[in-house]
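Worksheet for the structure shown next.
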Amino acid sequence: LKIDPASFEAQLALAELIYIDARKIKQEMSQLGISAQDKQKKFELDKVLVEKLKIALPYWEAAEKLDPENERVLLILHGMYQDLDMQAKLKPLAAKMKKLGLMD
């Protein structure tokens, strides 16, 4: 990105790298059950997940600016906006994805 700030591939690679921790936390959360102990663990992991997503979000948004119709980027951003309850950004993104045929 230092050499070519407009490089989508470099931006995407950086976004993916930063997103790895958030993805691992989401996987761990999905494997937990409904016991009181599991609920407490989910609550704790959710706090960490939100922080990781906030760090990764600008990199994914930058990738979208470089390739506004990239399916992977749009899907990840949609999930991040849902996880962060960012309704103001989620609605226009969902409309864009529907227009591109990526959502029903």
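Residues in the structure tokens are numbered from 1 in each chain, the chains being A, B, ... in the order shown, and ligands are numbered from 1 in the order shown.
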**Prompt:** Could you name the residues that touch Pro68 in chain A at 12 Å or less, counting only C-alpha atoms, but leaving out those on the same chain fewer than 3 positions away, as a PyMOL selection string?
**Reply:** chain A and resi 8+60-65+71-75+77+93+96-97+100
**Request:** Find the residues around Asp4 in chain A up to 12 Å (only C-alpha atoms counted), leave out those fewer than 6 positions away in its own chain, and share them as a list in words.
**Result:** Ala10, Gln11 and Leu66 of chain A
Export of the given selection (all heavy atoms) as a short mmCIF file (atom, residue, chain, number, x, y, z; two decimals), in the first residue's frame:
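That gives us out-v4.cif:
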```cif
data_model
loop_
_atom_site.label_atom_id
_atom_site.label_comp_id
_atom_site.auth_asym_id
_atom_site.auth_seq_id
_atom_site.Cartn_x
_atom_site.Cartn_y
_atom_site.Cartn_z
N ALA A 10 -3.49 -5.41 -2.36
CA ALA A 10 -2.76 -5.10 -1.12
C ALA A 10 -3.73 -4.72 0.00
O ALA A 10 -3.58 -5.15 1.14
CB ALA A 10 -1.75 -3.99 -1.37
N GLN A 11 -4.72 -3.91 -0.33
CA GLN A 11 -5.70 -3.49 0.67
C GLN A 11 -6.49 -4.68 1.19
O GLN A 11 -6.71 -4.82 2.39
CB GLN A 11 -6.66 -2.45 0.09
CG GLN A 11 -7.62 -1.87 1.11
CD GLN A 11 -6.93 -1.11 2.21
OE1 GLN A 11 -6.10 -0.26 1.97
NE2 GLN A 11 -7.27 -1.41 3.44
N LEU A 66 -11.98 0.86 -3.20
CA LEU A 66 -11.14 0.50 -4.34
C LEU A 66 -11.85 -0.42 -5.33
O LEU A 66 -11.59 -0.40 -6.52
CB LEU A 66 -9.84 -0.16 -3.86
CG LEU A 66 -8.90 0.77 -3.08
CD1 LEU A 66 -7.76 -0.02 -2.47
CD2 LEU A 66 -8.37 1.87 -3.99
#
```
**Message:** Counting only C-alpha atoms, which residue out of A:Ala56, A:Ala13, A:Ala88, A:Val50 sits closest to Ile25 in chain A?
**Reply:** A:Val50
**Asked** Counting only C-alpha atoms, which of A:Leu49, A:Ala36, A:Leu102, A:Met80 gets nearest to Asp21 in chain A?
**Response**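 Smallest separation from Asp21 in chain A among the options: A:Leu49.
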**Message:** Can you tell me which residues surround Glu51 in chain A at a distance of at most 12 Å, considering only C-alpha atoms, apart from same-chain residues fewer than 6 positions away, and format the answer as JSON, numbers by chain?
**Reply:** {"A": [18, 19, 21, 22, 25, 44, 45, 57, 80, 83, 84]}
**Item:** Atomic separation - CA of Lys41 in chain A relative to CA of Glu28 in chain A, Å
**Value:** 9.7 Å
